[in-house]
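Chemist: Structure file entry-v4.csv, CSV, C-alpha atoms, is pasted below:
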```
chain,number,residue,atom,x,y,z
A,14,ARG,CA,0.0,0.0,0.0
A,15,VAL,CA,1.3,3.5,-0.9
A,16,VAL,CA,0.4,6.1,1.7
A,17,LEU,CA,0.4,9.7,0.5
A,18,PRO,CA,-0.2,12.9,2.4
A,19,GLN,CA,-3.8,14.3,2.2
A,20,ALA,CA,-2.4,17.4,0.5
A,21,THR,CA,-1.3,15.2,-2.5
A,22,HIS,CA,-4.8,13.9,-2.8
A,23,GLU,CA,-6.2,17.4,-2.7
A,24,ALA,CA,-3.7,18.7,-5.2
A,25,ARG,CA,-4.4,15.9,-7.7
A,26,ARG,CA,-8.1,16.3,-7.4
A,27,ALA,CA,-7.9,20.1,-8.0
A,28,TYR,CA,-5.6,19.5,-11.0
A,29,ALA,CA,-8.0,16.9,-12.5
A,30,GLU,CA,-11.0,19.2,-11.9
A,31,SER,CA,-9.1,22.1,-13.6
A,32,GLY,CA,-9.6,20.3,-16.9
A,33,LEU,CA,-5.9,20.3,-17.8
A,34,LEU,CA,-5.7,16.5,-18.3
A,35,SER,CA,-7.8,16.9,-21.4
A,36,ALA,CA,-7.2,20.6,-22.3
A,37,ALA,CA,-6.2,19.9,-25.9
A,38,GLN,CA,-9.1,17.5,-26.5
A,39,ASP,CA,-12.5,18.4,-28.1
A,40,TYR,CA,-15.3,19.7,-26.0
A,41,ASP,CA,-17.2,16.4,-26.3
A,42,THR,CA,-14.2,14.6,-24.7
A,43,GLY,CA,-14.2,17.1,-21.8
A,44,GLY,CA,-11.5,19.2,-23.3
A,45,MET,CA,-11.0,22.9,-23.9
A,46,GLN,CA,-9.8,22.6,-27.5
A,47,LEU,CA,-6.6,24.4,-26.7
A,48,PRO,CA,-3.6,23.9,-29.0
A,49,TYR,CA,-1.4,21.2,-27.7
A,50,THR,CA,1.5,23.6,-27.2
A,51,VAL,CA,-0.6,25.7,-24.9
A,52,GLU,CA,-1.6,22.6,-22.9
A,53,ALA,CA,2.0,21.4,-22.7
A,54,ALA,CA,3.3,24.9,-21.6
A,55,ALA,CA,0.6,25.1,-18.8
A,56,ASN,CA,1.3,21.5,-17.7
A,57,SER,CA,5.1,22.2,-17.5
A,58,PHE,CA,4.4,24.5,-14.5
A,59,PHE,CA,2.6,21.7,-12.7
A,60,ALA,CA,5.3,19.1,-13.6
A,61,VAL,CA,8.0,21.2,-12.0
A,62,ALA,CA,5.9,22.2,-9.0
A,63,SER,CA,5.2,18.7,-7.8
A,64,ILE,CA,6.3,15.3,-9.0
A,65,SER,CA,3.0,13.9,-7.8
A,66,ILE,CA,1.2,16.3,-10.1
A,67,GLY,CA,3.8,15.9,-12.9
A,68,SER,CA,3.0,12.2,-13.1
A,69,ASN,CA,-0.4,13.2,-14.5
A,70,LEU,CA,1.4,13.9,-17.7
A,71,LEU,CA,1.7,10.1,-18.0
A,72,THR,CA,-2.0,9.9,-17.7
A,73,ALA,CA,-2.6,12.4,-20.5
A,74,GLY,CA,0.0,10.6,-22.7
A,75,ASN,CA,-1.7,7.3,-22.0
A,76,ALA,CA,-5.2,8.6,-22.8
A,77,ASN,CA,-3.9,10.5,-25.9
A,78,LEU,CA,-2.4,7.2,-27.2
A,79,LEU,CA,-5.7,5.5,-26.7
A,80,MET,CA,-7.5,8.3,-28.5
A,81,VAL,CA,-5.3,7.8,-31.6
A,82,HIS,CA,-4.8,4.0,-31.6
A,83,GLY,CA,-7.6,2.6,-29.4
A,84,THR,CA,-11.0,1.2,-30.4
A,85,PRO,CA,-14.0,3.4,-29.7
A,86,LEU,CA,-14.9,1.3,-26.7
A,87,GLN,CA,-11.3,1.5,-25.3
A,88,GLN,CA,-11.5,5.3,-25.8
A,89,GLN,CA,-14.8,5.4,-23.9
A,90,VAL,CA,-13.8,3.1,-21.1
A,91,PHE,CA,-10.2,4.0,-20.5
A,92,ALA,CA,-9.3,7.4,-22.1
A,93,LEU,CA,-12.3,9.3,-21.0
A,94,ASN,CA,-11.9,8.1,-17.4
A,95,GLU,CA,-8.3,9.2,-17.5
A,96,PHE,CA,-9.2,12.6,-19.0
A,97,ASN,CA,-11.9,13.2,-16.3
A,98,GLY,CA,-9.4,12.3,-13.5
A,99,ARG,CA,-11.2,9.2,-12.2
A,100,TRP,CA,-8.3,6.9,-13.4
A,101,ALA,CA,-4.6,7.4,-13.9
A,102,GLY,CA,-2.3,6.1,-16.6
A,103,THR,CA,1.2,4.9,-17.0
A,104,MET,CA,3.5,3.6,-19.7
A,105,CYS,CA,5.5,0.5,-19.0
A,106,LEU,CA,8.4,0.8,-21.5
A,107,SER,CA,11.9,0.4,-20.1
A,108,GLU,CA,13.5,-3.0,-19.2
A,109,PRO,CA,16.5,-3.9,-17.1
A,110,GLN,CA,18.6,-5.1,-20.1
A,111,ALA,CA,17.4,-2.4,-22.5
A,112,GLY,CA,17.1,0.8,-20.3
A,113,SER,CA,15.8,3.5,-22.6
A,114,SER,CA,16.7,1.7,-25.8
A,115,LEU,CA,13.2,0.7,-26.8
A,116,SER,CA,14.5,-1.3,-29.8
A,117,ASP,CA,16.1,-3.7,-27.3
A,118,VAL,CA,12.8,-4.4,-25.5
A,119,ALA,CA,12.4,-8.2,-25.0
A,120,THR,CA,8.9,-8.4,-23.4
A,121,ARG,CA,6.7,-10.6,-25.6
A,122,ALA,CA,2.9,-10.3,-26.1
A,123,LEU,CA,1.3,-13.6,-27.1
A,124,PRO,CA,-2.3,-13.7,-28.2
A,125,ASP,CA,-4.7,-15.2,-25.7
A,126,GLY,CA,-7.9,-16.1,-27.4
A,127,ASP,CA,-9.3,-16.0,-30.9
A,128,GLY,CA,-8.7,-12.4,-31.7
A,129,PHE,CA,-10.9,-9.3,-31.8
A,130,ASP,CA,-14.5,-9.3,-30.7
A,131,SER,CA,-16.2,-5.9,-31.2
A,132,ASP,CA,-18.3,-6.4,-28.0
A,133,THR,CA,-15.1,-6.6,-25.8
A,134,LEU,CA,-12.3,-4.2,-25.1
A,135,GLY,CA,-10.2,-5.9,-27.8
A,136,PRO,CA,-7.9,-8.8,-28.1
A,137,ARG,CA,-6.2,-10.2,-25.0
A,138,TYR,CA,-2.5,-11.0,-24.7
A,139,ARG,CA,-0.3,-12.8,-22.2
A,140,LEU,CA,2.8,-10.8,-21.4
A,141,LYS,CA,6.2,-12.3,-20.6
A,142,GLY,CA,9.1,-10.0,-19.6
A,143,ASN,CA,10.3,-7.5,-17.1
A,144,LYS,CA,9.6,-3.8,-16.9
A,145,MET,CA,11.1,-1.2,-14.6
A,146,TRP,CA,10.7,2.5,-13.7
A,147,ILE,CA,6.9,2.5,-13.8
A,148,SER,CA,6.4,6.0,-12.5
A,149,SER,CA,3.1,6.4,-10.6
A,150,GLY,CA,2.6,2.6,-11.1
A,151,ASP,CA,0.9,2.2,-7.7
A,152,HIS,CA,-1.0,4.7,-5.6
A,153,GLU,CA,-4.4,5.4,-4.1
A,154,LEU,CA,-5.0,8.8,-5.8
A,155,THR,CA,-7.5,7.3,-8.3
A,156,GLU,CA,-10.0,4.5,-8.6
A,157,ASN,CA,-7.9,2.6,-11.2
A,158,ILE,CA,-4.5,2.8,-12.9
A,159,VAL,CA,-4.3,1.9,-16.6
A,160,HIS,CA,-0.9,0.5,-17.6
A,161,LEU,CA,0.1,0.5,-21.3
A,162,VAL,CA,2.8,-2.0,-21.8
A,163,LEU,CA,5.3,-2.0,-24.7
A,164,ALA,CA,5.8,-5.5,-26.0
A,165,LYS,CA,6.7,-7.3,-29.3
```
Would you write out, as C-alpha cells, the structure that this file holds?
Modeler:
Amino acid sequence: RVVLPQATHEARRAYAESGLLSAAQDYDTGGMQLPYTVEAAANSFFAVASISIGSNLLTAGNANLLMVHGTPLQQQVFALNEFNGRWAGTMCLSEPQAGSSLSDVATRALPDGDGFDSDTLGPRYRLKGNKMWISSGDHELTENIVHLVLAK
C-alpha cells in the first residue's frame, strides 16, 4: 500500500478538476480545444511544481495514445476516465537489459484467445518479460490505474 499525504490527494483532485488532463481535446471529450503547445506549456508548470502532479502527464499521454490507436470502446472506457481524472495512466516501457533503448525491448505479447470481438475491449495478450521504472505505477489517488505495456 502506498500512503500519500492528504495534500497530495487534494492537489491531484484540484488538478483533475481544472480540466488540464484533457485541455487539448475536443469539448465532447471534456477538453478545452486548446492547441497542444498551450496545454504542454501550462502543464510544465505543474510538472516542476510537484512530482506527484507531474506524473499526471503520463495519464494524459496514455489517454492520448488510446484516442489515436484505441478502439471506440477503449477510448470510452479507458481514455475518458483518464481525462476526467477518475483513473490514472502509466506507460511501461523500459526493461533492465534495455534501459531506454526501446528497440532492445524483450517483453513478448502472445495472443490469448481467438482475436478481436467488437463487444469486448479488444484482443487479449499474455505478457512475458520484465519492466522497470513504472512512475506512478501504484498509488491510491485514483479509482484505477491503466498500464500501457510496450511488447513485441
Chemist: Which of these, A:Leu33, A:Leu134, A:Leu106, A:Val118, has the shortest distance to Ile147 of chain A once you count only C-alpha atoms?
Modeler: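 Among the listed residues, the smallest separation from Ile147 of chain A belongs to A:Leu106.
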Chemist: Tell me which of A:Thr84, A:Asn56, A:Gln89, A:Thr72 sits closest to Thr42 of chain A, counting only C-alpha atoms.
Modeler: A:Gln89
Chemist: Here is a test: counting all atoms listed in the file, which residue of A:Gly102, A:Val51, A:His82, A:Gly142 is nearest to Thr120 of chain A?
Modeler: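 The answer is A:Gly142, which sits nearest to Thr120 of chain A.
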Chemist: Hey, can you check how far atom CA of His160 of chain A sits from atom CA of Leu86 of chain A?
Modeler: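 About the pair atom CA of His160 of chain A and atom CA of Leu86 of chain A: they are 16.7 Å apart.
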Chemist: Kindly extract all protein, DNA and RNA residues lying within 9 Å of the coordinates (-2.2, 8.4, -12.6) given in the file, considering only C-alpha atoms, and supply them as an mmCIF file with C-alpha atoms, in the frame of the given file.
Modeler:
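selection.cif written:
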```
data_model
loop_
_atom_site.group_PDB
_atom_site.id
_atom_site.type_symbol
_atom_site.label_atom_id
_atom_site.label_comp_id
_atom_site.auth_asym_id
_atom_site.auth_seq_id
_atom_site.Cartn_x
_atom_site.Cartn_y
_atom_site.Cartn_z
ATOM 1 C CA SER A 65 3.000 13.900 -7.800
ATOM 2 C CA ILE A 66 1.200 16.300 -10.100
ATOM 3 C CA SER A 68 3.000 12.200 -13.100
ATOM 4 C CA ASN A 69 -0.400 13.200 -14.500
ATOM 5 C CA LEU A 70 1.400 13.900 -17.700
ATOM 6 C CA LEU A 71 1.700 10.100 -18.000
ATOM 7 C CA THR A 72 -2.000 9.900 -17.700
ATOM 8 C CA ALA A 73 -2.600 12.400 -20.500
ATOM 9 C CA GLU A 95 -8.300 9.200 -17.500
ATOM 10 C CA GLY A 98 -9.400 12.300 -13.500
ATOM 11 C CA TRP A 100 -8.300 6.900 -13.400
ATOM 12 C CA ALA A 101 -4.600 7.400 -13.900
ATOM 13 C CA GLY A 102 -2.300 6.100 -16.600
ATOM 14 C CA THR A 103 1.200 4.900 -17.000
ATOM 15 C CA SER A 148 6.400 6.000 -12.500
ATOM 16 C CA SER A 149 3.100 6.400 -10.600
ATOM 17 C CA GLY A 150 2.600 2.600 -11.100
ATOM 18 C CA ASP A 151 0.900 2.200 -7.700
ATOM 19 C CA HIS A 152 -1.000 4.700 -5.600
ATOM 20 C CA LEU A 154 -5.000 8.800 -5.800
ATOM 21 C CA THR A 155 -7.500 7.300 -8.300
ATOM 22 C CA ASN A 157 -7.900 2.600 -11.200
ATOM 23 C CA ILE A 158 -4.500 2.800 -12.900
ATOM 24 C CA VAL A 159 -4.300 1.900 -16.600
#
```
Chemist: What is the distance, in Å and to one decimal place, between atom CA of Cys105 of chain A and atom CA of Ala60 of chain A?
Modeler: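 Between atom CA of Cys105 of chain A and atom CA of Ala60 of chain A the gap is 19.4 Å.
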Chemist: Between A:Asn97, A:Gln110, A:Thr50, A:Asn75, which is the closest to Tyr28 of chain A once you count only C-alpha atoms?
Modeler: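 Closest candidate: A:Asn97.
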Chemist: Choose the residue, out of A:Gly126, A:Gly74, A:Gly83, A:Gly112, that has the smallest atom-to-atom separation from Tyr49 of chain A; count all atoms listed in the file.
Modeler: A:Gly74
Chemist: Report the distance between atom CA of Glu52 of chain A and atom CA of Ala92 of chain A in Å, rounded to one decimal place.
Modeler: 17.1 Å
Chemist: Compare A:Arg99, A:Asp125, A:Pro48, A:Gln87 by their minimum atom-to-atom distance to Glu30 of chain A, counting all atoms listed in the file, and give me the closest one.
Modeler: A:Arg99
Chemist: (-5.0, -10.3, -26.3) in this file's frame - what residues fall within 8 Å of it? Use only C-alpha atoms and give the answer as a list in words.
Modeler: Ala122, Leu123, Pro124, Asp125, Gly126, Gly128, Gly135, Pro136, Arg137, Tyr138 and Arg139 of chain A
